[in-house]
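Take a look at the structure set out below.
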Amino acid sequence: MLEEISLENIGVITHARIPLAPGLTAITGETGAGKTMLLTGLDLLMGGKADPGRVRTGTERAAAEGTFVLAPGAPARERVADAGGELDDDGTLVVLRTVAAAGRSRAHLGGRTVPQTVLAEIAGELVTVHGQADQLRLRSPRRQREALDAYLGRDHLALLERYRDAWAERTAVGEEAARLVAERDDRAREAELLRLGLTEIERVEPRAGEDTELDMLVERLSNVEEIRAGAADAHATLVGDDSGDDRPHVISLVDHARRALEHAGEHDPALADLAERIAEAGYALAEVGTELSSHLAGLEADPAALERAHERRAQLTGLTRSYGQDAAAVLEWASHAGLRLLELEGGDERLVALRERRDALDALLADMSADLGEARRRGANVFADDVTAELDGLAMAGASLLVDVADTELGPYGANEVTISLVPHAGAPASPLGRGASGGELSRVMLAVEVVLAASRSGETPSFVFDEIDAGIGGRAALEVGARLARLARDAQVIVVTHLAQVAAYADQHVVVTKSTAADGDVVTQSDVRTVVGDERLAELARMLSGQDSDTARAHAAELLRSTVVG
């Protein structure tokens, strides 16, 4: 149950703390006192949209905090644990929601910061809220179908959820198949271009780094005479040549220097060491000379080899213009292109698989839709009879509810359209709720539906909140509404915001919201939200009956209290 709700800076309320009890709690007060703000705060706790416009003017943020007591084994306990929240040792759950005037909101569940959507998901396990807007929504076929589905119980709702999952998959599969068909021509063109590119690369057979090697080869073959002259001059300088030039060459000079140091080293060991180092330099120069000789032997002009190198480089250039800046990049493109081609060529296989899955899902949806429709048709009359019985106890004797389940095309909720019609009195024609029911009739039909749904859920929802569902009714009908709420409160916590004394008189707890005046206008403070008993409750009921607190009005209020004892 909802044990307490605290509000801060919401609308006209600066601060309010409202302790709540089991049974029926009535919340009353003058128009503009802030009763609606209590529902605004509760809506925030239930994951509703945060409206910065509700933050009290001149303050930085609004806050709503609710304390719930969860019974052992309650489904909400598992939801809280999944979200990372914790309960107190006595099973108490604290929910907090803050809204900044700048627009940002925060949600806390059991001491853990959570997304707003988590509060919305857990709300159905804690509180069911109904207001005048719900009466309007009950006019829509969708809401009427949802009411029937809820009445049919957990197993039916689980089947509906499986159907919804299958429908979502069927939609996704159909969209992907349609996309593949629409893209088939584009895929074919892309695949053809990839094949052409891969064929060209396969014909040329490039190697990574080959383009660099070819550049070096062309450079050498194009300048072979210049290279040969330079290498020959260096060779002659190092080791001499056969031209008859008797100039000393480098190696002979180095050898001469070595011998001179060796001779002097007989008298100076330091010079002997230098002689060894010169000898090593001589060996290195001799090796260079040998390598130059070999290189010169291979330096021959080869116009044919140069032509072949130019042709090969032209082939590689053709590839690099289209597929990459060098041979390595071309090979990388070919690798990716091969994988993409496999993907594109597998598109038809994917399309076949999607169509097979689509057909399987169509068959599954047809079977589940048939089961849903059968359950709805079977339960429609029972649901209608149960609600009709409740209407009889809400001063609508002779009225009856009709629930029609018609077949339609397959859709996201099956293949049925549910229409709820009201026969307002014996002999009257049935009129769909969306057209013929008055506001007062809708209020009582909605209450009757909620009572029936509450009974079908067998205590799954521990708390119900009704916001002025008695609008448009009065007299005996109002008394019957109060009595039915009181009976519902035997098995669940019921909180009703009402303007009718006939309803408030049935309450086990009566909370009054009153105005107080300050320099900045009308405000509601903590002291203005209070539980009333005894004479204070008589005074409030008298005000609700006649608009003023008088002896006559109090006498009527006392009589009303005596007549509203639920047997």
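Residue numbering restarts at 1 for every chain of the structure tokens, chains are lettered A, B, ... in their displayed order, and ligands are numbered from 1 as they appear.
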* To do: Using only C-alpha atoms, determine which residues lie at most 10 Å from Tyr151 of chain A, disregarding the query and same-chain residues fewer than 2 positions distant; provide the list as a ChimeraX atom specification.
  => /A:145-149,153-154,156-157,376,379-380,382-383,449-450,452-457
Write out as a tab-separated table the residues of segment 382-480 of chain A that have any atom within 7 Å of an atom of segment 108-128 of chain A, one row each with the nearest atom pair and its distance in Å to one decimal, counting only C-alpha atoms, sorted by chain and then rising number.
```
residue	atom	partner	partner_atom	distance
A:Thr461	CA	A:Glu125	CA	5.7
A:Pro462	CA	A:Leu126	CA	6.2
A:Ser463	CA	A:Val127	CA	4.8
A:Phe464	CA	A:Thr128	CA	4.8
A:Val465	CA	A:Thr128	CA	6.1
```
What would the file look like if the residues just selected were written as a CSV table (one decimal), in the first residue's frame with N, CA, C and O atoms?
```csv
chain,number,residue,atom,x,y,z
A,461,THR,N,-3.0,-5.7,-7.8
A,461,THR,CA,-2.7,-4.3,-7.6
A,461,THR,C,-3.2,-3.9,-6.2
A,461,THR,O,-4.4,-3.9,-6.0
A,462,PRO,N,-2.3,-3.4,-5.3
A,462,PRO,CA,-2.7,-3.2,-3.9
A,462,PRO,C,-3.4,-1.9,-3.7
A,462,PRO,O,-4.1,-1.7,-2.7
A,463,SER,N,-3.3,-0.9,-4.6
A,463,SER,CA,-3.8,0.5,-4.3
A,463,SER,C,-4.5,1.0,-5.6
A,463,SER,O,-4.0,0.8,-6.7
A,464,PHE,N,-5.6,1.7,-5.3
A,464,PHE,CA,-6.3,2.3,-6.4
A,464,PHE,C,-6.5,3.8,-6.0
A,464,PHE,O,-6.8,4.1,-4.9
A,465,VAL,N,-6.3,4.7,-7.0
A,465,VAL,CA,-6.5,6.1,-6.8
A,465,VAL,C,-7.6,6.6,-7.8
A,465,VAL,O,-7.4,6.4,-9.0
```
Report as a tab-separated table the residues of segment 133-224 of chain A within 7 Å of segment 350-358 of chain A, each with its shortest atom pair and distance in Å (one decimal), using only C-alpha atoms, ordered by chain and increasing residue number.
```
residue	atom	partner	partner_atom	distance
A:Arg170	CA	A:Arg358	CA	6.1
A:Val173	CA	A:Leu354	CA	6.2
A:Gly174	CA	A:Arg358	CA	6.7
A:Ala177	CA	A:Leu351	CA	5.9
A:Leu180	CA	A:Leu351	CA	6.8
```
Restricted to C-alpha atoms, what would the selected residues look like written as an mmCIF file, in the first residue's frame?
```cif
data_model
loop_
_atom_site.group_PDB
_atom_site.id
_atom_site.type_symbol
_atom_site.label_atom_id
_atom_site.label_comp_id
_atom_site.auth_asym_id
_atom_site.auth_seq_id
_atom_site.Cartn_x
_atom_site.Cartn_y
_atom_site.Cartn_z
ATOM 1 C CA ARG A 170 7.033 -10.212 -38.454
ATOM 2 C CA VAL A 173 11.274 -9.409 -41.203
ATOM 3 C CA GLY A 174 8.843 -7.972 -43.725
ATOM 4 C CA ALA A 177 12.699 -8.471 -47.097
ATOM 5 C CA LEU A 180 16.362 -6.418 -50.063
#
```
* To do: Fewer than 6 positions away in the same chain doesn't count, so skip those; otherwise give me all residues within 9 Å of Leu159 of chain A, counting only C-alpha atoms, as a PyMOL selection string.
  => chain A and resi 368+371-372
* Can you check which residues of segment 331-526 of chain A DSSP gives as helix (DSSP H, G or I) on the backbone and send them as a VMD selection string? => chain A and resid 331 to 345 347 to 392 439 to 457 475 to 488 501 to 504 526
* Write out as a list of chain:residue names which residues come within 8 Å of Leu217 of chain A when counting only C-alpha atoms, dropping same-chain ones fewer than 4 positions away. => A:Glu213, A:Leu221, A:Leu306, A:Ala309
Would you mind exporting the chosen residues as an mmCIF file, in the first residue's frame, restricted to N, CA and C atoms?
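Done, and the output landed in selection_33.cif:
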```cif
data_model
loop_
_atom_site.group_PDB
_atom_site.id
_atom_site.type_symbol
_atom_site.label_atom_id
_atom_site.label_comp_id
_atom_site.auth_asym_id
_atom_site.auth_seq_id
_atom_site.Cartn_x
_atom_site.Cartn_y
_atom_site.Cartn_z
ATOM 1 N N GLU A 213 59.614 -1.467 -56.369
ATOM 2 C CA GLU A 213 60.719 -2.180 -57.022
ATOM 3 C C GLU A 213 60.826 -1.787 -58.500
ATOM 4 N N LEU A 221 67.801 1.157 -65.209
ATOM 5 C CA LEU A 221 67.952 0.822 -66.628
ATOM 6 C C LEU A 221 67.950 2.064 -67.506
ATOM 7 N N LEU A 306 64.021 -2.836 -70.003
ATOM 8 C CA LEU A 306 63.447 -1.526 -69.681
ATOM 9 C C LEU A 306 62.024 -1.421 -70.212
ATOM 10 N N ALA A 309 59.710 -3.402 -68.024
ATOM 11 C CA ALA A 309 59.471 -2.713 -66.745
ATOM 12 C C ALA A 309 58.465 -1.582 -66.915
#
```
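Around Leu402 of chain A, within 12 Å and counting only C-alpha atoms, the residues found are A:Gln144, A:Leu148, A:Arg377, A:Gly379, A:Ala380, A:Asn381, A:Val382, A:Phe383, A:Ala384, A:Asp385, A:Asp386, A:Val387, A:Thr388, A:Val418, A:Thr419, A:Ile420, A:Ser421, A:Leu422, A:Val423, A:Pro424, A:Pro429, A:Ala430, A:Ser431, A:Pro432, A:Leu433, A:Val445, once anything fewer than 4 positions away on its own chain is removed.
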* Structure fact -> Counting only C-alpha atoms, closest pick from A:Ile201, A:Leu194, A:Val529, A:Val481 relative to Glu343 of chain A is A:Leu194
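Reported to one decimal place, the separation of atom CA of Leu2 of chain A from atom CA of Leu42 of chain A is 10.2 Å.
Atom CA of Val99 of chain A is positioned 5.4 Å from atom CA of Arg61 of chain A.
When atom CA of Ala234 of chain A is paired with atom CA of Ala304 of chain A, their separation reads 27.9 Å.
Minimum atom-to-atom distances from A:Arg17, A:Arg435, A:His556, A:Arg164 to Met544 of chain A were compared using only C-alpha atoms, and the lowest value belongs to A:His556.
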* To do: Name the residues in contact with Gly482 of chain A at a cut-off of 8 Å, using only C-alpha atoms, excluding same-chain residues fewer than 2 positions from it; report them as a PyMOL selection string.
  => chain A and resi 478-480+484-486+502-506
